[in-house]
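entry00.cif follows (mmCIF, C-alpha atoms and all ligand atoms):
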```cif
data_final
loop_
_atom_site.label_atom_id
_atom_site.label_comp_id
_atom_site.auth_asym_id
_atom_site.auth_seq_id
_atom_site.Cartn_x
_atom_site.Cartn_y
_atom_site.Cartn_z
CA MET A 29 49.71 -28.68 -69.76
CA ASN A 30 48.41 -31.44 -67.53
CA ALA A 31 50.03 -34.86 -67.45
CA VAL A 32 49.04 -37.31 -70.18
CA LEU A 33 47.51 -40.40 -68.64
CA PRO A 34 48.00 -43.88 -70.09
CA LEU A 35 45.11 -44.89 -72.37
CA PRO A 36 42.44 -46.53 -70.20
CA THR A 37 40.14 -49.35 -71.26
CA LEU A 38 37.07 -48.45 -73.25
CA GLY A 39 33.47 -48.68 -72.21
CA CYS A 40 31.19 -46.42 -70.18
CA GLU A 41 27.97 -48.11 -71.30
CA SER A 42 27.29 -49.61 -67.89
CA ALA A 43 29.45 -47.28 -65.78
CA PRO A 44 27.74 -45.65 -62.78
CA VAL A 45 26.41 -42.18 -63.52
CA LEU A 46 26.73 -39.32 -61.06
CA ARG A 47 23.23 -37.83 -60.88
CA GLU A 48 22.95 -34.33 -59.47
CA ARG A 49 20.02 -32.03 -58.83
CA GLY A 50 20.68 -28.49 -57.79
CA GLN A 51 21.21 -25.08 -59.30
CA ARG A 52 21.78 -25.42 -63.05
CA GLU A 53 23.20 -22.97 -65.53
CA VAL A 54 21.51 -23.57 -68.87
CA PHE A 55 19.38 -21.60 -71.28
CA CYS A 56 15.69 -22.46 -71.59
CA GLY A 57 14.15 -24.20 -74.60
CA LEU A 58 13.16 -20.92 -76.27
CA THR A 59 16.73 -20.74 -77.56
CA GLY A 60 15.96 -23.42 -80.16
CA ILE A 61 13.82 -20.89 -82.04
CA ILE A 62 17.04 -19.20 -83.13
CA TRP A 63 18.01 -22.11 -85.37
CA LEU A 64 14.51 -23.53 -86.02
CA HIS A 65 13.17 -20.30 -87.57
CA ARG A 66 15.97 -20.40 -90.12
CA LYS A 67 15.17 -23.98 -91.03
CA VAL A 68 11.42 -23.94 -91.70
CA GLN A 69 11.13 -20.98 -94.01
CA ASP A 70 7.38 -20.39 -93.88
CA ALA A 71 6.98 -21.00 -90.14
CA PHE A 72 6.56 -18.41 -87.41
CA PHE A 73 7.30 -18.91 -83.71
CA LEU A 74 5.05 -16.87 -81.45
CA VAL A 75 6.34 -17.04 -77.89
CA VAL A 76 3.58 -16.46 -75.38
CA GLY A 77 5.75 -15.00 -72.69
CA SER A 78 7.18 -12.03 -70.85
CA ARG A 79 9.53 -9.19 -71.79
CA THR A 80 12.36 -11.35 -70.41
CA CYS A 81 11.56 -14.01 -73.04
CA ALA A 82 11.50 -11.33 -75.76
CA HIS A 83 14.89 -10.01 -74.60
CA LEU A 84 16.38 -13.51 -74.52
CA LEU A 85 15.31 -14.12 -78.09
CA GLN A 86 16.44 -10.76 -79.39
CA SER A 87 19.87 -10.98 -77.79
CA ALA A 88 20.37 -14.62 -78.77
CA ALA A 89 19.33 -13.88 -82.35
CA GLY A 90 21.52 -10.78 -82.62
CA VAL A 91 20.61 -8.35 -85.38
CA MET A 92 17.54 -9.38 -87.33
CA VAL A 93 18.41 -9.63 -91.01
CA PHE A 94 14.95 -10.50 -92.29
CA ALA A 95 12.62 -7.92 -93.80
CA GLU A 96 9.87 -9.82 -91.99
CA PRO A 97 10.97 -11.63 -88.83
CA ARG A 98 9.97 -15.24 -88.26
CA PHE A 99 9.51 -15.10 -84.53
CA GLY A 100 7.97 -12.74 -82.01
CA THR A 101 6.62 -12.56 -78.49
CA ALA A 102 3.03 -12.05 -77.38
CA ILE A 103 3.77 -10.30 -74.10
CA ILE A 104 1.87 -11.44 -71.04
CA GLU A 105 1.37 -8.24 -69.03
CA GLU A 106 1.02 -7.92 -65.27
CA ARG A 107 -2.77 -7.72 -65.48
CA ASP A 108 -2.73 -11.05 -67.34
CA LEU A 109 -0.58 -12.60 -64.63
CA ALA A 110 -2.98 -11.24 -62.02
CA GLY A 111 -5.85 -12.97 -63.82
CA MET A 112 -7.50 -9.65 -64.69
CA ALA A 113 -7.65 -10.23 -68.43
CA ASP A 114 -8.81 -13.07 -70.63
CA CYS A 115 -5.50 -14.24 -72.06
CA ASN A 116 -7.19 -16.52 -74.57
CA GLU A 117 -9.11 -13.64 -76.13
CA GLU A 118 -5.97 -11.53 -76.28
CA LEU A 119 -3.96 -14.37 -77.79
CA ASP A 120 -6.62 -14.94 -80.45
CA ARG A 121 -6.52 -11.24 -81.33
CA VAL A 122 -2.70 -11.26 -81.62
CA VAL A 123 -2.76 -14.37 -83.84
CA ASP A 124 -5.55 -12.99 -86.05
CA ARG A 125 -3.64 -9.73 -86.52
CA LEU A 126 -0.38 -11.54 -87.25
CA LEU A 127 -1.88 -13.90 -89.84
CA ALA A 128 -3.87 -11.13 -91.52
CA ARG A 129 -0.67 -9.13 -91.96
CA ARG A 130 1.50 -12.13 -92.84
CA PRO A 131 -0.33 -14.53 -95.17
CA ASP A 132 3.09 -16.07 -96.00
CA ILE A 133 3.04 -17.84 -92.59
CA LYS A 134 1.93 -21.43 -93.27
CA LEU A 135 2.89 -22.95 -89.93
CA LEU A 136 2.51 -21.11 -86.65
CA PHE A 137 3.95 -22.43 -83.41
CA LEU A 138 2.54 -21.09 -80.16
CA VAL A 139 5.51 -21.50 -77.85
CA GLY A 140 4.88 -21.74 -74.11
CA SER A 141 7.16 -20.00 -71.60
CA CYS A 142 7.52 -19.80 -67.81
CA PRO A 143 4.83 -17.11 -67.46
CA SER A 144 2.34 -19.01 -69.64
CA GLU A 145 3.04 -22.14 -67.56
CA VAL A 146 2.55 -20.24 -64.32
CA ILE A 147 -0.85 -18.86 -65.32
CA LYS A 148 -1.70 -22.27 -66.82
CA LEU A 149 -2.59 -20.89 -70.22
CA ASP A 150 -3.62 -23.95 -72.22
CA LEU A 151 -1.77 -23.44 -75.50
CA SER A 152 -2.76 -26.82 -76.88
CA ARG A 153 -6.43 -25.82 -76.67
CA ALA A 154 -5.57 -22.42 -78.11
CA ALA A 155 -3.75 -24.10 -81.03
CA SER A 156 -6.75 -26.40 -81.73
CA ARG A 157 -9.18 -23.49 -81.54
CA LEU A 158 -7.10 -21.25 -83.81
CA SER A 159 -6.36 -24.12 -86.23
CA VAL A 160 -10.07 -24.44 -86.94
CA LYS A 161 -10.36 -20.70 -87.49
CA HIS A 162 -7.39 -20.53 -89.87
CA ALA A 163 -7.88 -23.95 -91.50
CA GLY A 164 -6.65 -24.16 -95.08
CA ALA A 165 -4.34 -21.17 -94.68
CA THR A 166 -2.12 -21.78 -91.64
CA LYS A 167 -1.47 -24.82 -89.51
CA ILE A 168 -1.16 -23.97 -85.81
CA LEU A 169 0.77 -26.17 -83.37
CA ASN A 170 2.12 -25.61 -79.89
CA TYR A 171 4.98 -26.71 -77.68
CA SER A 172 6.72 -25.55 -74.53
CA GLY A 173 10.08 -23.78 -74.42
CA SER A 174 9.63 -22.81 -70.79
CA GLY A 175 12.65 -22.82 -68.51
CA ILE A 176 10.56 -24.71 -65.95
CA GLU A 177 10.06 -27.61 -68.35
CA THR A 178 12.93 -27.52 -70.81
CA THR A 179 16.61 -26.79 -71.15
CA PHE A 180 18.33 -25.31 -74.19
CA THR A 181 18.07 -28.00 -76.90
CA GLU A 182 14.90 -29.58 -75.51
CA GLY A 183 13.02 -26.78 -77.26
CA GLU A 184 13.85 -28.36 -80.61
CA ASP A 185 12.83 -31.77 -79.28
CA ALA A 186 9.46 -30.40 -78.12
CA CYS A 187 8.94 -28.60 -81.43
CA LEU A 188 9.70 -31.67 -83.56
CA ALA A 189 7.58 -33.92 -81.31
CA ALA A 190 4.66 -31.52 -81.92
CA LEU A 191 5.29 -31.82 -85.66
CA VAL A 192 5.35 -35.64 -85.52
CA ALA A 193 1.80 -35.74 -84.17
CA ASP A 194 0.71 -33.84 -87.27
CA LEU A 195 2.68 -35.75 -89.95
CA PRO A 196 0.69 -37.51 -92.68
CA ALA A 197 0.48 -41.30 -92.46
CA ASP A 198 2.78 -43.23 -94.77
CA THR A 199 0.99 -46.32 -96.05
CA SER A 200 3.43 -47.23 -98.83
CA GLU A 201 4.93 -50.72 -99.03
CA THR A 202 8.50 -49.53 -99.54
CA LEU A 203 11.01 -48.40 -96.92
CA SER A 204 11.80 -44.72 -96.58
CA LEU A 205 14.47 -42.96 -94.56
CA MET A 206 13.93 -39.93 -92.34
CA ILE A 207 16.79 -37.72 -91.11
CA VAL A 208 15.59 -36.28 -87.81
CA GLY A 209 16.98 -33.00 -86.48
CA ALA A 210 17.31 -29.44 -87.77
CA LEU A 211 20.58 -29.41 -89.70
CA PRO A 212 21.95 -26.42 -91.61
CA ASP A 213 20.76 -26.71 -95.24
CA VAL A 214 24.30 -27.13 -96.57
CA VAL A 215 24.92 -30.12 -94.27
CA GLU A 216 21.53 -31.66 -95.01
CA ASP A 217 22.27 -31.38 -98.75
CA GLN A 218 25.59 -33.19 -98.29
CA PHE A 219 23.82 -36.07 -96.54
CA LEU A 220 21.05 -36.19 -99.16
CA ARG A 221 23.70 -36.43 -101.91
CA LEU A 222 25.45 -39.26 -100.09
CA PHE A 223 22.22 -41.21 -99.57
CA ALA A 224 21.38 -40.75 -103.26
CA GLN A 225 24.85 -42.03 -104.24
CA LEU A 226 24.36 -45.00 -101.96
CA GLY A 227 21.12 -45.78 -103.77
CA ILE A 228 18.67 -44.88 -100.98
CA THR A 229 16.08 -42.98 -102.97
CA SER A 230 13.27 -42.16 -100.59
CA VAL A 231 14.83 -39.82 -98.03
CA HIS A 232 13.04 -37.09 -96.06
CA SER A 233 14.09 -34.59 -93.44
CA LEU A 234 12.29 -33.62 -90.26
CA PRO A 235 11.82 -30.71 -90.10
CA ALA A 236 11.38 -30.03 -93.81
CA ARG A 237 12.21 -26.60 -95.16
CA ARG A 238 8.55 -25.82 -95.92
CA ALA A 239 5.39 -26.52 -93.95
CA ASN A 240 3.76 -28.43 -96.81
CA GLN A 241 6.79 -30.69 -97.29
CA MET A 242 6.80 -32.35 -93.86
CA PRO A 243 7.50 -36.08 -94.34
CA PRO A 244 4.98 -38.90 -94.01
CA VAL A 245 5.56 -41.47 -91.27
CA GLY A 246 4.52 -45.09 -90.82
CA PRO A 247 5.74 -48.64 -90.14
CA ASN A 248 8.04 -48.52 -93.18
CA THR A 249 9.81 -45.41 -91.95
CA ARG A 250 13.36 -45.91 -90.72
CA PHE A 251 14.84 -42.88 -89.01
CA LEU A 252 18.29 -41.66 -88.11
CA LEU A 253 18.64 -39.14 -85.31
CA ALA A 254 21.03 -36.39 -86.36
CA GLN A 255 21.01 -34.90 -82.86
CA PRO A 256 21.30 -36.65 -79.50
CA PHE A 257 18.71 -34.47 -77.79
CA LEU A 258 15.60 -35.72 -79.61
CA GLY A 259 14.29 -38.30 -77.13
CA GLU A 260 10.64 -37.16 -77.20
CA THR A 261 10.66 -36.87 -80.99
CA ALA A 262 12.05 -40.39 -81.31
CA ARG A 263 9.37 -41.71 -78.95
CA ALA A 264 6.63 -39.93 -80.93
CA LEU A 265 7.96 -41.39 -84.19
CA GLU A 266 8.12 -44.88 -82.67
CA ASP A 267 4.53 -44.46 -81.46
CA ARG A 268 3.61 -43.93 -85.11
CA GLY A 269 5.33 -47.14 -86.15
CA ALA A 270 8.70 -45.78 -87.34
CA GLN A 271 11.90 -47.59 -86.37
CA ARG A 272 15.05 -45.85 -85.14
CA LEU A 273 18.32 -46.96 -86.70
CA ASP A 274 20.86 -47.30 -83.92
CA ALA A 275 24.14 -45.57 -84.75
CA LEU A 276 26.84 -43.22 -83.54
CA PHE A 277 25.96 -39.59 -84.15
CA PRO A 278 27.48 -38.13 -87.34
CA PHE A 279 30.42 -36.28 -85.80
CA GLY A 280 33.89 -36.88 -87.25
CA ALA A 281 34.99 -39.46 -89.82
CA GLU A 282 34.05 -42.47 -87.69
CA GLY A 283 30.75 -41.17 -86.36
CA THR A 284 29.58 -40.11 -89.83
CA THR A 285 30.64 -43.43 -91.39
CA ASN A 286 28.82 -45.39 -88.70
CA TRP A 287 25.68 -43.24 -89.04
CA LEU A 288 25.58 -43.66 -92.83
CA HIS A 289 26.32 -47.36 -92.46
CA ALA A 290 23.31 -47.89 -90.21
CA ALA A 291 21.10 -46.64 -93.06
CA ALA A 292 23.00 -48.61 -95.71
CA SER A 293 22.53 -51.84 -93.71
CA ALA A 294 18.81 -51.21 -93.17
CA PHE A 295 18.31 -50.57 -96.90
CA GLY A 296 20.37 -53.60 -98.01
CA ILE A 297 23.13 -51.60 -99.71
CA ASP A 298 26.08 -53.69 -100.87
CA GLU A 299 29.02 -53.34 -98.45
CA MET A 300 31.61 -52.72 -101.17
CA HIS A 301 29.42 -50.03 -102.77
CA PHE A 302 29.01 -48.43 -99.34
CA ARG A 303 32.77 -48.32 -98.76
CA ASN A 304 33.50 -46.91 -102.22
CA THR A 305 30.81 -44.25 -101.83
CA VAL A 306 31.89 -42.96 -98.43
CA ALA A 307 35.66 -43.32 -98.97
CA PRO A 308 36.33 -39.86 -100.50
CA GLY A 309 34.41 -37.99 -97.77
CA ARG A 310 35.87 -40.16 -95.03
CA GLU A 311 39.40 -39.52 -96.26
CA ARG A 312 38.78 -35.76 -96.51
CA ALA A 313 37.48 -35.79 -92.94
CA LYS A 314 40.48 -37.76 -91.65
CA ARG A 315 42.95 -35.42 -93.38
CA ALA A 316 41.20 -32.35 -91.95
CA ILE A 317 41.17 -33.88 -88.46
CA ASP A 318 44.85 -34.79 -88.72
CA HIS A 319 45.75 -31.11 -89.19
CA VAL A 320 44.38 -30.36 -85.74
CA ARG A 321 45.41 -33.54 -83.95
CA ALA A 322 48.79 -32.33 -82.69
CA LYS A 323 47.12 -29.44 -80.87
CA LEU A 324 44.53 -31.61 -79.09
CA GLU A 325 46.13 -35.02 -78.55
CA GLY A 326 46.64 -35.83 -74.87
CA LYS A 327 44.73 -32.74 -73.71
CA ARG A 328 42.15 -33.24 -70.95
CA ILE A 329 38.61 -32.00 -71.43
CA THR A 330 35.56 -31.57 -69.20
CA PHE A 331 32.04 -30.96 -70.47
CA LEU A 332 29.57 -29.20 -68.21
CA PRO A 333 25.94 -30.12 -68.93
CA ASP A 334 24.44 -27.88 -71.57
CA SER A 335 23.34 -28.99 -75.04
CA GLN A 336 23.15 -32.82 -74.70
CA LEU A 337 25.79 -32.98 -77.45
CA GLU A 338 28.38 -33.70 -74.77
CA VAL A 339 28.63 -37.51 -74.98
CA PRO A 340 29.01 -37.83 -78.78
CA LEU A 341 31.42 -34.89 -78.91
CA ALA A 342 33.54 -36.41 -76.13
CA ARG A 343 33.58 -39.70 -78.07
CA PHE A 344 34.72 -37.87 -81.23
CA LEU A 345 37.46 -35.93 -79.43
CA CYS A 346 38.67 -39.04 -77.62
CA ALA A 347 38.51 -41.58 -80.47
CA GLU A 348 39.63 -39.38 -83.35
CA LEU A 349 41.82 -36.73 -81.73
CA GLY A 350 43.27 -38.55 -78.72
CA MET A 351 41.80 -36.18 -76.13
CA ILE A 352 41.15 -37.42 -72.60
CA PRO A 353 37.62 -36.84 -71.29
CA VAL A 354 37.73 -36.15 -67.55
CA GLU A 355 34.05 -35.48 -66.82
CA VAL A 356 31.26 -35.58 -69.38
CA GLY A 357 28.22 -33.86 -67.94
CA THR A 358 24.90 -33.77 -69.74
CA PRO A 359 21.49 -32.41 -68.69
CA TYR A 360 19.84 -35.75 -69.52
CA LEU A 361 21.46 -39.05 -70.39
CA HIS A 362 19.46 -41.04 -72.92
CA ARG A 363 21.21 -44.36 -72.43
CA ARG A 364 19.47 -46.19 -75.28
CA HIS A 365 20.28 -43.54 -77.88
CA LEU A 366 23.82 -43.10 -76.56
CA ALA A 367 24.73 -46.75 -75.93
CA GLN A 368 27.24 -46.99 -78.78
CA GLU A 369 28.75 -43.62 -77.87
CA LEU A 370 29.17 -44.53 -74.20
CA ALA A 371 30.83 -47.82 -75.16
CA LEU A 372 33.62 -45.85 -76.86
CA LEU A 373 34.44 -43.58 -73.94
CA PRO A 374 37.30 -44.58 -71.62
CA SER A 375 35.92 -46.48 -68.64
CA ASN A 376 37.44 -44.00 -66.16
CA THR A 377 35.46 -41.06 -67.58
CA LEU A 378 33.09 -39.55 -65.02
CA ILE A 379 29.64 -39.39 -66.60
CA SER A 380 27.32 -36.99 -64.83
CA GLU A 381 23.67 -36.18 -65.43
CA GLY A 382 21.90 -33.03 -64.26
CA GLN A 383 23.75 -30.32 -62.39
CA ASP A 384 24.61 -28.93 -59.01
CA VAL A 385 26.73 -26.13 -60.35
CA ASP A 386 28.85 -25.38 -57.25
CA LYS A 387 29.83 -29.02 -56.77
CA GLN A 388 30.58 -29.35 -60.45
CA LEU A 389 32.78 -26.25 -60.48
CA ASP A 390 34.67 -27.65 -57.47
CA ARG A 391 35.41 -30.77 -59.52
CA VAL A 392 36.59 -28.65 -62.46
CA ARG A 393 38.89 -26.66 -60.15
CA ALA A 394 40.31 -29.86 -58.67
CA ALA A 395 40.83 -31.59 -62.05
CA ARG A 396 42.01 -28.44 -63.93
CA PRO A 397 41.32 -29.84 -67.41
CA ASP A 398 42.99 -28.21 -70.43
CA ILE A 399 39.55 -27.22 -71.79
CA THR A 400 36.17 -26.88 -70.10
CA VAL A 401 33.14 -26.75 -72.36
CA CYS A 402 30.43 -24.74 -70.62
CA GLY A 403 27.70 -22.15 -70.92
CA LEU A 404 28.38 -18.44 -71.40
CA GLY A 405 27.70 -17.59 -67.77
CA LEU A 406 30.39 -19.93 -66.44
CA ALA A 407 33.08 -19.28 -69.04
CA ASN A 408 34.30 -15.89 -67.82
CA PRO A 409 34.62 -16.85 -64.13
CA LEU A 410 36.56 -20.00 -65.10
CA GLU A 411 38.81 -18.05 -67.48
CA SER A 412 39.58 -15.60 -64.68
CA GLU A 413 40.79 -18.61 -62.66
CA GLY A 414 43.20 -19.55 -65.45
CA LEU A 415 41.03 -22.31 -66.96
CA THR A 416 40.55 -22.41 -70.73
CA THR A 417 36.92 -22.63 -71.82
CA LYS A 418 34.84 -23.27 -74.90
CA TRP A 419 31.29 -21.94 -75.23
CA ALA A 420 28.93 -24.86 -75.60
CA ILE A 421 26.40 -22.74 -77.50
CA GLU A 422 28.85 -22.30 -80.38
CA LEU A 423 28.70 -26.05 -81.00
CA VAL A 424 24.95 -25.83 -81.52
CA PHE A 425 25.07 -22.83 -83.84
CA SER A 426 27.97 -24.05 -86.02
CA PRO A 427 27.70 -26.65 -88.81
CA ILE A 428 29.52 -29.59 -87.20
CA HIS A 429 27.89 -32.75 -88.63
CA GLY A 430 29.25 -34.88 -91.43
CA PHE A 431 32.54 -35.52 -93.20
CA ASP A 432 33.04 -32.02 -94.55
CA GLN A 433 32.58 -30.33 -91.19
CA ALA A 434 34.81 -32.73 -89.19
CA GLY A 435 37.90 -30.53 -89.50
CA ASP A 436 35.95 -27.42 -88.47
CA LEU A 437 34.55 -29.28 -85.49
CA ALA A 438 38.03 -30.27 -84.31
CA GLU A 439 39.22 -26.71 -84.94
CA LEU A 440 36.50 -25.34 -82.63
CA PHE A 441 38.28 -27.11 -79.75
CA ALA A 442 41.80 -26.19 -80.87
CA ARG A 443 41.02 -22.48 -81.08
CA PRO A 444 40.72 -21.78 -77.32
CA LEU A 445 44.02 -23.58 -76.73
CA ARG A 446 45.71 -21.43 -79.39
CA ARG A 447 44.19 -18.31 -77.84
CA ARG A 448 45.54 -19.38 -74.46
CA ASP A 449 49.02 -19.92 -75.93
CA VAL A 450 48.99 -16.51 -77.59
CA LEU A 451 47.90 -14.81 -74.36
CA LYS A 452 50.70 -16.55 -72.47
CA VAL A 453 53.42 -15.07 -74.72
S1 LIG B 501 10.83 -19.04 -70.88
FE1 LIG B 501 11.34 -18.69 -68.74
S2 LIG B 501 13.58 -19.02 -68.61
FE2 LIG B 501 13.04 -18.70 -70.80
S3 LIG B 501 13.32 -16.49 -71.12
FE3 LIG B 501 11.15 -16.81 -70.64
S4 LIG B 501 11.04 -16.49 -68.42
FE4 LIG B 501 13.20 -16.80 -68.90
#
```

Give the structure from this file in structure tokens form.
Amino acid sequence: MNAVLPLPTLGCESAPVLRERGQREVFCGLTGIIWLHRKVQDAFFLVVGSRTCAHLLQSAAGVMVFAEPRFGTAIIEERDLAGMADCNEELDRVVDRLLARRPDIKLLFLVGSCPSEVIKLDLSRAASRLSVKHAGATKILNYSGSGIETTFTEGEDACLAALVADLPADTSETLSLMIVGALPDVVEDQFLRLFAQLGITSVHSLPARRANQMPPVGPNTRFLLAQPFLGETARALEDRGAQRLDALFPFGAEGTTNWLHAAASAFGIDEMHFRNTVAPGRERAKRAIDHVRAKLEGKRITFLPDSQLEVPLARFLCAELGMIPVEVGTPYLHRRHLAQELALLPSNTLISEGQDVDKQLDRVRAARPDITVCGLGLANPLESEGLTTKWAIELVFSPIHGFDQAGDLAELFARPLRRRDVLKV
């Protein structure tokens, strides 16, 4: 184990950020389809891309368990790339065939990819054209998941931002709350129960589970981001008059309490009622975290830039489990949304934005943290050098938000250390 450093002073909110641009090792935004298609149950994601895109989706999704899949790829062939075919006509034919065979699809996303970007296929015009044709039966929207434009979790951001443009206007006089970010249903239900117990009655989720249940938005909408990677979605909501409630992200006992409290304050909930309502969940979370604390306390951790969850997770591990963040790398640093999180990180944490993978790996090798959180492609090489790693993608696919998942979230970081100990014996 590496030496435990004395606890440094808190506050990275105005610390200098190391900005790097170079080779980066992250998935493209198509990956978001893997969790988004499970969330919106009558939506379909049609990637307009190459066989590579289709392979990425199939291998990321694993075995398809649905009788009827909820995503597919319209393959752009070589003759399309060479400009020898009218891609728009072919796309229209594919969409017509799909919707004729699958009348259950109520919301169709045309998802752009690198090849569709390269041949400058205008998917927003295609979506408008096809929306008119299929009006009344299927809504058709578009966004880009291309690796040229997006990384990993930005696909969800682009998808939700496309949805915001299409949300109905909320003209009511009373405040309503919107939870923004695709959460697993079980986690979303836990939050909805807590808001109901608090006495906040008008609560919506974006995305909703069905196309016809997408929430209205307007000047009386207050929204809580459930994920730190939704910068474009937040901007689109603000453009429609909604106000973001500033809070920590709901990871761990403290993060979840703070997140719920931001809503309680905005809706004028009595402080004592708030404390009584959250106390059982908060205590459960603290007990679950305490079980794992001995394994993680004093351990040093580096995050390589991947999912944009890095800053809030580092805050959780540092504040609630006593871990020491060495470097916290993130593809993009949204300072305004992360201000409270950054303020809780030790001031000697290196915050880096973007990636130059070779330089970053040199820093990891020099610092030799106890755990490095990174993408799949970097994990094996680092393990072969004796460094313990955690796959960043697992943190996106696992339920980790809220009180009842706090112990599982801590456990996700303890597991690689246990595995390392077992292998050492
Ligand atoms: S969108 Fe681009 S990066 Fe993503 S799988 Fe397709 S070709 Fe690869």

Using only C-alpha atoms, determine which residues lie at most 6 Å from Phe72 in chain A, disregarding the query and same-chain residues fewer than 2 positions distant; provide the list as a PyMOL selection string. chain A and resi 98-99+136

Neighbour residues at most 12 Å from (41.5, -20.5, -64.2) (only C-alpha atoms) as a VMD selection string: chain A and resid 389 to 390 392 to 400 406 to 417 448

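Each residue with an atom within 6 Å of any atom of ligand LIG 501 (chain B) appears in the list, which was built counting all atoms listed in the file: Cys56, Leu58, Thr80, Cys81, Leu84, Ser141, Cys142, Gly173, Ser174 and Gly175 of chain A.
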
Closest of A:Thr166, A:Thr181, A:Ser159, A:Ser152 to Phe257 in chain A - atom-to-atom distances counting all atoms listed in the file: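 Of A:Thr166, A:Thr181, A:Ser159, A:Ser152, the one nearest Phe257 in chain A is A:Thr181, counting all atoms listed in the file.
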
Within 12 Å of (9.4, -23.5, -77.3) (coordinates as in the file), grab all the protein and nucleic acid residues, counting all atoms listed in the file, and write them out as a PyMOL selection string. chain A and resi 55-65+72-77+81+85+99-101+136-142+144-145+151+169-190

Across A:Ala371, A:Ala347, A:Leu341, A:Leu366, the smallest distance to Glu282 in chain A, with all atoms listed in the file counted, is shown by A:Ala347

Figure out the distance between CA of Val146 in chain A and CA of His362 in chain A, please, to one decimal in Å.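 So the two atoms, CA of His362 in chain A and CA of Val146 in chain A, lie 28.2 Å apart.
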
Report as a ChimeraX atom specification all protein, DNA and RNA residues lying within 12 Å of Asn248 in chain A, evaluated on all atoms listed in the file, omitting residues in the same chain fewer than 2 positions from it. /A:197-206,230,244-246,250-251,265-266,268-272,294-295

To one decimal place in Å, what is the distance between CA of Asp298 in chain A and CA of His365 in chain A?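 Rounded to one decimal, the two atoms are 25.8 Å apart.
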